[in-house]
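The structure appears below as structure tokens.
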Amino acid sequence: MRVIIGLVVVVAAAFAAFYAWAYHGEMPPERSSAAHFDPGAIAKGAQLAAVGNCSVCHTQSGGKPYAGGFPVETPFGVIYGTNITPDTDTGIGAWSEAAFRRAMRSGVDREGNHLFPAFPYDHFTKLTDNDISALYAFLMTREPVRQENRPLDLMGPLNWRLSAAAWKLLFLRQGAYEPDQTKSAEGNRGAYLVEGPGHCGACHTPRNILGAEKASQAYGGGVGEGWHAPALNAASPAPVPWTTEQLAAYLRHGFADQHGFAAGPMQPVVRSLRKVPNEDVRAMAVYIASLTGGDSQAAQRTQAALDFARQREAKPWATAGTEGRADGSAEREPSAGAAIFAGACATCHHAGGALPVSRPVALGLSSTVHAPDPTNLLHIILDGIHPPLGTAGPMMPGFAGTLTDPQIVALAAYVRGQFSDKPAWSGIDTTLSTLRQKPQPRAEAP
Amino acid sequence: MNAPATALSRRRLLQTGGAVIVSFAMMPRGFAQDAQNKPVEPRPTPQLPGSLRNAPMLDSWIGIDAQGRVTVFTGKAELGQGIKTALIQCAAEQLDVAPQAITLITADTERTPNEGYTAGSHSMQDSGTAILHAAAQVRGILIDLAATRLNLPAAQLRTRGGAVHAEDGRSVAYKDLVTGQELHRAAQPQSPLKAPQDFTIIGARYDRIDIPGKLTGAPMYVQDMRPDGMLHARVVRPPNYTAKLTGVDSAAVERMPGVVKVVRDGSFLAVVAEGEFQAIEAMQALSASAQWQAGDPLPDADKILDIIKSFPSDDTTILNKGAPVQQGFRTLKATFRRPYHMHGSIGPSCALAIYEADKVTVWTHTQGVYPLRNAIADMLHLQREQVHCIHVEGSGCYGHNAADDVAADAALIARAVPGRPVRVQWMREDEHGWEPFGPTMISEVSATLDAGGKLVSWEYDVWSNTHSTRPEGPAGNLLAARYLATPFPQPKPRAIPQPEGGGDRNAIPLYTIPNGRIVSHFIPQMPIRVSALRGLGAYHNVFSIESFMDELAEAANADPVEFRLRHLDDARARAVIEKAASEFGWQRNAKLPRGRGRGFAFARYKNLAAYCAIALDAHVDRESGAVRLGRVVAAVDSGLAVNHDGIRNQIEGAIVQSASWTLYEAVTFDRNGITSRDWSTLPMVRFPLVPESITVHVIDRPTERFLGTGEAAQGPTAAAVANAIAHATGERLRDLPLSAERIKAAIGP
Amino acid sequence: MITLNVNGTTHQVDADPRTPLLYVLRNELKLNAAKFGCGLGQCGACTVLVDHEPIFSCLTPISVLENRYIRTVEGLGTLEKPGPVQRAFMEEQAAQCGYCIPGMIMRAQALLEHNAAPSDGEIRDYMAPNLCRCGTQMRILRAVQRAAKAMSAGLDRSREARQ
């Protein structure tokens with residue numbers, strides 16, 4: 001009996017300690033006029049916001065910038081990005097800089113409520129004070145929009161904010177990024193941008209059962225907005241090892257000629273990075289390239305991958321009766337997937353002939369084709385790739401209406417087998433069914 | 001030989017309502033023959049209205065057969081602008097027949113008058129006028145014939161429903177009056193035109209005659225033609241303008257399924273097959289084996305305007321008035337730039353041709369069947385009579401696109417497979433890469449205001465390549481002709497002189513300015529293929545002038561609309577401006593919410609054609625710089641408005657098209673060639689970006705002559721958009737396109 | 001030999017199975033409405049319906065179309081008896097050169113079969129894959145709205161008639 005009472009007391013005490021630790025007071029509301037902010041700070045904040053791409057989670061489809069409403073899907077339910085415009089009632093207009101800094105470093109809002117780590121403060125905590133000031137200056141000079149935040153839609157006890165405090169106790173290491181003496185200035189800059197505002201790991205690192213990034217598998221691949229975010233470390237599926245140059249080109253232009261075009265959630269990331277100076281984009285590329293830990297066989301693997309891709313590409317037309325394979329051999333009876341590819345895809349995805357002029361990169365080089373699961377390839381087959389309206393950019397039409405489910409499954413299996421030497425995907429049909437239930441994306445606003 | 005025409009006043013003509021004696025005048029020289037017994041082109045008869053001056057015989061324009069079917073001939077072509085419908089309305093009205101009784105034959109070198117090009121917004125002015133008058137004169141002749149038949153004075157007869165009616169109830173149908181050569185006589189300078197107040201067809205709603213077929217799968221386009229034995233062809237074009245074909249494995253391609261022949265002449269390379277998909281695959285195979293020797297690189301795209309400006313130029317002072325005034329007053333300067341722009345026809349160009357019995361027949365969507373015929377004859381070393389060009393509709397062309405080039409391709413290929421019709425279809429990449437573009441242009445303007453806010457001085461310089469490399473006589477303006485083993489040289493480009501103008505079209509503002517000097521710098525050297533694109537230089541000049549007028553208005557502390565009115569005496573110009581402004585609800589010094597702006601612009605196309613004013617509002621997204629167009633209100637004065645809806649359709653379309661050019665479009669290129677080769681590399685406006693609404697108000701002036709309308713909105717739209725952006729953001733952008741990126745860079749973080 | 005069901009009629013087509021549907025429609029079946037605009041899936045001039053979905057016939061090989069329900073403009077109505085979408089386009093005079101319009105009509109037909117009362121924004125988003133160079137978009141939007149009203153009025157009337 002004494003044991004039970006003792007346990008209850010211990011648990012209660014622990015809980016009280018936890019509660020005391022977790023408690024944050026409200027910070028008083030403060031109104032600062034947009035005119036107070038230094039233009040230099042605003043400009044720097046704009047760049048940081050571009051690296052962090054705040055807009056993506058804090059702007060809903062067709063909505064006003066930063067006014068919130070975007071559904072962030074987590075394994076625990078949906079959290080809606082909040083209104084971070086300087087509206088005093090519904091946005092962060094009444095937040096002092098100190099309150100903003102507390103949110104970024106510790107994940108606590110002005111009123112003292114814990115924020116869920118869908119807002120990646122585990123990354124933003126690494127920002128320097130100056131950079132947090134600059135971001136504050138940027139946000140406070142945006143167009144105020146009156147738009148109420150949508151309530152949480154998480155499962156059960158998670159709606160209780162204190163669960164976020166528990167999460168932080170386990171997983172949040174607060175504090176700005178500490179430069180690594182073994183890295184160059186550029187290397188540190190890149191690490192800071194990627195680990196801090198860039199929060200790339202939030203998609204590209206697998207998470208544990210409590211939704212925290214697995215530190216031991218950093219950049220080992222994850223999910224973002226229903227897409228697979230490929231591994232950026234040694235487990236990268238890319239046939240050609242990523243170099244700094246290729247990464248810099250990809251991040252700058254959305255295109256790397258030994259890999260392919262940015263698709264899905266990476267498209268807005270690349271677009272946003274256009275506001276970021278070249279040196280910073282390059283620094284990020286330097287850091288990300290270093291994640292693979294170096295590859296002494298890189299040159300040979302690159303050549304082998306290029307050769308393989310070239311060998312597997314076909315000319316689209318039948319010459320003198322042979323089904324065109326680059327190696328000249330004839331297909332006896334093409335598989336269903338091969339036939340679909342030859343008719344629907346090879347018009348553009350081929351190596352011979354002058355057209356199309358806007359040419360896709362060889363599928364044999366594609367990370368999407370080499371990825372551990374078919375999610376991204378199915379996304380692309382269904383919906384295609386589209387630039388924002390009124391802008392130039394790679395276009396691929398979607399085949400959601402053109403092909404039936406069995407046809408898409410056959411096609412995906414064929415593409416995997418023809419353009420990679422990886423094992424066949426399993427469960428293509430179930431993945432496809434899940435994706436078919438999502439609404440088709442609307443034409444993107446510029 | 002000449003009998004004098006009866007002297008008639010216009011007033012008397014209108015009063016008598018049509019019973020007029022038409023005398024025989026001036027036997028046509030048009031059917032004269034020269035020493036070799038070849039028909040010569042008729043010599044112009046200047047006092048005849050519209051195109052009658054080049055084709056004075058009435059039966060060149062109007063025919064009535066034994067069944068009462070009326071055939072009207074026009075040298076103009078339907079481009080989707082509704083000209084067929086409008087011309088039928090004109091003829092039906094003046095002839096007093098039901099429009100349904102009329103068959104309109106368009107541009108055909110063996111059947112219709114030569115009206116040059118369907119271009120420059122001339123169709124109603126030239127052909128409409130001719131048909132209006134010819135039909136009225138034919139009606140006059142029919143009345144005279146009936147007067148004789150019925151033994152009644154002509155003044156007592158009326159026409160209605162294809163017959164002449166007497167008051168006593170007797171009538172004679174037109175078909176019973178015209179049994180021989182009654183209509184084979186020359187037109188008169190004056191016509192017994194019906195009075196506008198009596199119009200029941202002109203100005204009334206009359207639906208486009210071509211639309212129903214186009215919406216129900218009728219064969220309406222040259223692309224839909226399928227004569228027996230037709231072959232499909234595709235051309236393999238070089239990688240860029242200057243590459244030369246050094247080798248190709250034709251034999252392997254000729255073994256491919258369905259392939260009939262590979263055609264090669266110098267660097268012109270094409271393949272002909274039985275099936276269309278077979279032709280496409282063969283073209284790909286052919287292009288894969290073709291070897292090209294690189295030629296000269298293109299100039300540096302970043303410096304293109306500096307480079308063009310540095311080339312030798314022919315300078316013409318097109319306005320020299322008073323003396324430039326600068327000291328002691330407020331002077332503003334600005335420079336405006338425009339990139340190369342595409343026609344971007346939605347259907348890439350297509351033509352059919354057949355070569356048999358020493359004659360080539362070409363079915364083409366060219367804007368000018370006669371000039372094309374002349375050029376093709378030159379290219380094939382044939383007599384002009386051996387080439388027959390027939391206009392069949394294509395998709396909208398908006399100027400000199402690749403229609404003539406594909407016709408030349410078809411003629412060349414047809415010659416290689418005599419006796420079989422050949423259909424050549426350009427690919428999307430061909431059209432994007434090889435069509436002649438609207439030239440890149442730069443203008444520099446300087447103007448001075450007096451203390452009262454009135455303009456006292458205006459200086460304007462504009463630099464441009466030619467705006468016309470249309471095929472005329474010599475073959476060298478046909479693309480294929482320049483790539484043959486014995487190539488035809490491209491003719492030296494000529495400037496289109498004022499008052500029409502090319503690069504200097506609309507370079508002279510309509511505003512009243514006491515002192516002005518305007519110089520047009522015509523630059524013959526064309527590193528990139530250029531020709532006429534809707535509006536020609538007017539797009540850029542009106543963009544420049546009307547943007548600058550807003551800058552001046554701001555400096556004068558004046559409302560943009562009021563500032564324009566301050567400088568305009570032309571009553572019709574004032575009327576369109578006031579109409580657009582009032583319908584829009586233009587308020588002086590209106591304060592719009594942040595990010596919203598409104599813009600206004602006005603021009604009279606060529607200072608000769610239609611008047612157009614546009615007011616619009618727009619929203620600029622602060623974060624991305626993207627522009628969303630809101631309400632657009634336009635007012636247009638086309639003189640006598642035959643088909644109001646047709647005018648509205650043209651203006652609405654021009655507004656959307658010009659907004660697309662202005663906000664999104666530029667041809668791109670690098671040293672190796674044109675890089676904008678499809679809609680992914682040259683984006684065009686799509687539905688979500690089209691304005692919220694467009695309303696066009698037509699000011700009808702039934703007693704005035706026709707004013708060309710098709711191109712009138714291009715320039716004002718560009719300036720109205722630029723002005724709205726400036727109003728919304730406080731930033732003035734002068735380099736087209738006004739892309740989101742440029743706007744964002746100007747706005748800042 | 002591939003069996004295609006076009007507008008309710010079965011056709012035996014002897015063509016390479018890789019042939020895009022567009023060329024079979026136009027050449028073998030002599031149907032004019034669907035047009036070649038780009039061959040790249042960028043402009044929509046070739047749009048037809050397959051199993052009630054709008055597709056780019058320029059990029060759809062006939063090999064994937066056996067036993068599927070293909071509809072073109074010719075299947076929606078004729079000159080004498082146009083269907084409601086065609087009629088709406090005629091009433092709004094929603095065409096200039098008209099080349100893009102069959103593709104627009106098919107896409108609009110699909111929209112209205114999925115959504116009987118689309119808003120202006122929904123129409124714009126749905127029609128975005130189709131280009132019009134002449135700038136007829138405003139009329140096309142009005143025509144789609146007009147067709148929506150006519151089609152639901154037609155449904156109401158036939159519902160009433162059945163009661």
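Every chain in the structure tokens has a letter given in the order shown (A, B, ...), and although residue numbers restart at 1 in each chain, ligands are simply numbered from 1 in the order shown.
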Determine, counting only C-alpha atoms, which protein, DNA and RNA residues have an atom within 8 Å of an atom of region 9-23 of chain C; residues of the same chain fewer than 6 positions away are not included. Present the result as a list in words.
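Contacts, with the query itself left out: Ala339, Ile340, Ala342, Gly343 and Ala344 of chain A; Glu276 and Phe277 of chain B; Met1, Ile2, Thr3, Ala34, Lys35, Phe36, Cys46, Ser57, Cys58, Leu59, Thr60, Pro61, Ile62 and Ser63 of chain C.
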Selected residues, all heavy atoms, written as a compact mmCIF listing (two decimals), in the first residue's frame, please.
```txt
# COMPACT_ATOMS: atom_id res chain seq x y z
N ALA A 339 4.51 -2.08 -74.39
CA ALA A 339 3.69 -1.56 -75.48
C ALA A 339 3.11 -0.21 -75.10
O ALA A 339 3.06 0.71 -75.92
CB ALA A 339 2.57 -2.54 -75.81
N ILE A 340 2.67 -0.09 -73.86
CA ILE A 340 2.13 1.20 -73.42
C ILE A 340 3.22 2.25 -73.46
O ILE A 340 3.01 3.37 -73.95
CB ILE A 340 1.55 1.09 -71.99
CG1 ILE A 340 0.35 0.15 -71.99
CG2 ILE A 340 1.16 2.46 -71.46
CD1 ILE A 340 -0.08 -0.28 -70.60
N ALA A 342 5.88 2.31 -75.29
CA ALA A 342 6.24 2.62 -76.68
C ALA A 342 5.24 3.59 -77.29
O ALA A 342 5.60 4.46 -78.07
CB ALA A 342 6.32 1.34 -77.49
N GLY A 343 3.97 3.43 -76.95
CA GLY A 343 2.95 4.28 -77.56
C GLY A 343 2.74 5.59 -76.86
O GLY A 343 2.60 6.63 -77.49
N ALA A 344 2.70 5.57 -75.52
CA ALA A 344 2.32 6.79 -74.78
C ALA A 344 3.51 7.61 -74.35
O ALA A 344 3.42 8.83 -74.26
CB ALA A 344 1.48 6.41 -73.57
N GLU B 276 0.08 9.09 -91.87
CA GLU B 276 0.61 10.26 -91.17
C GLU B 276 1.61 9.86 -90.09
O GLU B 276 2.69 10.46 -89.99
CB GLU B 276 -0.55 11.06 -90.55
CG GLU B 276 -0.08 12.36 -89.95
CD GLU B 276 -1.19 13.37 -89.74
OE1 GLU B 276 -2.38 12.98 -89.70
OE2 GLU B 276 -0.86 14.57 -89.62
N PHE B 277 1.25 8.84 -89.30
CA PHE B 277 2.16 8.44 -88.23
C PHE B 277 3.44 7.89 -88.83
O PHE B 277 4.54 8.08 -88.30
CB PHE B 277 1.47 7.41 -87.32
CG PHE B 277 2.24 7.04 -86.10
CD1 PHE B 277 2.67 8.02 -85.20
CD2 PHE B 277 2.54 5.72 -85.82
CE1 PHE B 277 3.37 7.69 -84.05
CE2 PHE B 277 3.25 5.38 -84.67
CZ PHE B 277 3.66 6.35 -83.79
N MET C 1 -4.97 -5.79 -85.69
CA MET C 1 -6.30 -5.15 -85.72
C MET C 1 -6.71 -4.73 -84.31
O MET C 1 -6.65 -5.53 -83.41
CB MET C 1 -7.37 -6.14 -86.23
CG MET C 1 -7.56 -6.14 -87.72
SD MET C 1 -8.06 -4.53 -88.36
CE MET C 1 -8.55 -4.99 -90.00
N ILE C 2 -7.13 -3.53 -84.18
CA ILE C 2 -7.56 -3.07 -82.85
C ILE C 2 -9.01 -2.61 -82.96
O ILE C 2 -9.39 -1.94 -83.91
CB ILE C 2 -6.65 -1.91 -82.38
CG1 ILE C 2 -5.23 -2.40 -82.27
CG2 ILE C 2 -7.15 -1.33 -81.07
CD1 ILE C 2 -4.36 -1.69 -81.29
N THR C 3 -9.81 -3.01 -81.97
CA THR C 3 -11.22 -2.62 -81.98
C THR C 3 -11.39 -1.36 -81.16
O THR C 3 -11.01 -1.32 -79.99
CB THR C 3 -12.06 -3.75 -81.35
OG1 THR C 3 -11.74 -4.97 -82.01
CG2 THR C 3 -13.53 -3.45 -81.49
N ALA C 34 -11.24 16.64 -83.59
CA ALA C 34 -10.01 16.65 -82.80
C ALA C 34 -8.86 17.11 -83.69
O ALA C 34 -8.74 16.66 -84.83
CB ALA C 34 -9.73 15.27 -82.23
N LYS C 35 -8.04 18.02 -83.16
CA LYS C 35 -7.03 18.66 -84.00
C LYS C 35 -5.61 18.44 -83.50
O LYS C 35 -5.39 18.28 -82.30
CB LYS C 35 -7.26 20.18 -84.01
CG LYS C 35 -8.61 20.64 -84.49
CD LYS C 35 -8.67 20.70 -85.99
CE LYS C 35 -9.92 21.35 -86.51
NZ LYS C 35 -11.14 20.73 -86.10
N PHE C 36 -4.66 18.52 -84.42
CA PHE C 36 -3.26 18.50 -84.04
C PHE C 36 -2.84 19.92 -83.66
O PHE C 36 -2.96 20.84 -84.47
CB PHE C 36 -2.40 18.02 -85.22
CG PHE C 36 -0.92 18.15 -84.96
CD1 PHE C 36 -0.28 17.29 -84.09
CD2 PHE C 36 -0.18 19.16 -85.56
CE1 PHE C 36 1.08 17.41 -83.84
CE2 PHE C 36 1.18 19.29 -85.32
CZ PHE C 36 1.81 18.41 -84.45
N CYS C 46 -6.37 18.45 -79.17
CA CYS C 46 -6.68 17.07 -79.56
C CYS C 46 -7.60 16.39 -78.55
O CYS C 46 -7.86 15.20 -78.66
CB CYS C 46 -5.39 16.29 -79.64
SG CYS C 46 -4.61 16.08 -78.03
N SER C 57 -5.52 13.06 -77.18
CA SER C 57 -5.48 11.97 -78.15
C SER C 57 -4.17 11.95 -78.93
O SER C 57 -3.84 10.93 -79.54
CB SER C 57 -6.68 12.06 -79.11
OG SER C 57 -6.61 13.24 -79.89
N CYS C 58 -3.40 13.05 -78.88
CA CYS C 58 -2.12 13.07 -79.60
C CYS C 58 -1.09 12.19 -78.93
O CYS C 58 -0.07 11.87 -79.53
CB CYS C 58 -1.59 14.48 -79.70
SG CYS C 58 -1.05 15.20 -78.13
N LEU C 59 -1.32 11.84 -77.67
CA LEU C 59 -0.33 11.08 -76.91
C LEU C 59 -0.88 9.74 -76.44
O LEU C 59 -0.27 9.08 -75.61
CB LEU C 59 0.11 11.86 -75.67
CG LEU C 59 0.97 13.08 -75.89
CD1 LEU C 59 1.25 13.74 -74.55
CD2 LEU C 59 2.29 12.69 -76.54
N THR C 60 -2.08 9.36 -76.91
CA THR C 60 -2.70 8.13 -76.44
C THR C 60 -2.62 7.09 -77.54
O THR C 60 -3.30 7.23 -78.57
CB THR C 60 -4.18 8.40 -76.07
OG1 THR C 60 -4.22 9.47 -75.13
CG2 THR C 60 -4.81 7.16 -75.47
N PRO C 61 -1.81 6.07 -77.36
CA PRO C 61 -1.73 5.06 -78.42
C PRO C 61 -3.02 4.24 -78.44
O PRO C 61 -3.60 3.96 -77.39
CB PRO C 61 -0.55 4.19 -77.98
CG PRO C 61 -0.46 4.36 -76.51
CD PRO C 61 -0.99 5.73 -76.20
N ILE C 62 -3.45 3.83 -79.61
CA ILE C 62 -4.71 3.08 -79.69
C ILE C 62 -4.63 1.75 -78.94
O ILE C 62 -5.65 1.20 -78.55
CB ILE C 62 -5.16 2.85 -81.15
CG1 ILE C 62 -4.06 2.20 -81.98
CG2 ILE C 62 -5.61 4.16 -81.76
CD1 ILE C 62 -4.50 1.84 -83.39
N SER C 63 -3.41 1.30 -78.69
CA SER C 63 -3.27 0.02 -78.00
C SER C 63 -3.87 0.04 -76.60
O SER C 63 -4.23 -1.00 -76.07
CB SER C 63 -1.79 -0.36 -77.90
OG SER C 63 -1.11 0.61 -77.11
```
Within 7 Å of chain C, which residues of chain B show up when using only C-alpha atoms, listed as a ChimeraX atom specification?
/B:79-81,211-219,224,276-277,345-348,395-396,427-428,652-654,656-657,679,686-688
Would you pick out the contacts of Thr244 (chain A) at 12 Å or less, using only C-alpha atoms, so that residues sharing its chain but fewer than 2 positions from it are not included, and give the list as a ChimeraX atom specification?
/A:187,190,241-242,246-252,256,281-292,294
Check the DSSP output for the backbone and give back, as JSON, numbers by chain, the residues of region 31-148 of chain C in helix (DSSP H, G or I).
{"C": [57, 58, 59, 62, 63, 64, 73, 74, 75, 84, 85, 86, 87, 88, 89, 90, 91, 101, 102, 103, 104, 105, 106, 107, 108, 109, 110, 111, 112, 113, 114, 120, 121, 122, 123, 124, 125, 126, 127, 137, 138, 139, 140, 141, 142, 143, 144, 145, 146, 147, 148]}
Work out how far CA of Arg338 (chain B) is from CA of Arg596 (chain B), in Å to one decimal.
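Between these atoms lies a distance of 24.8 Å.
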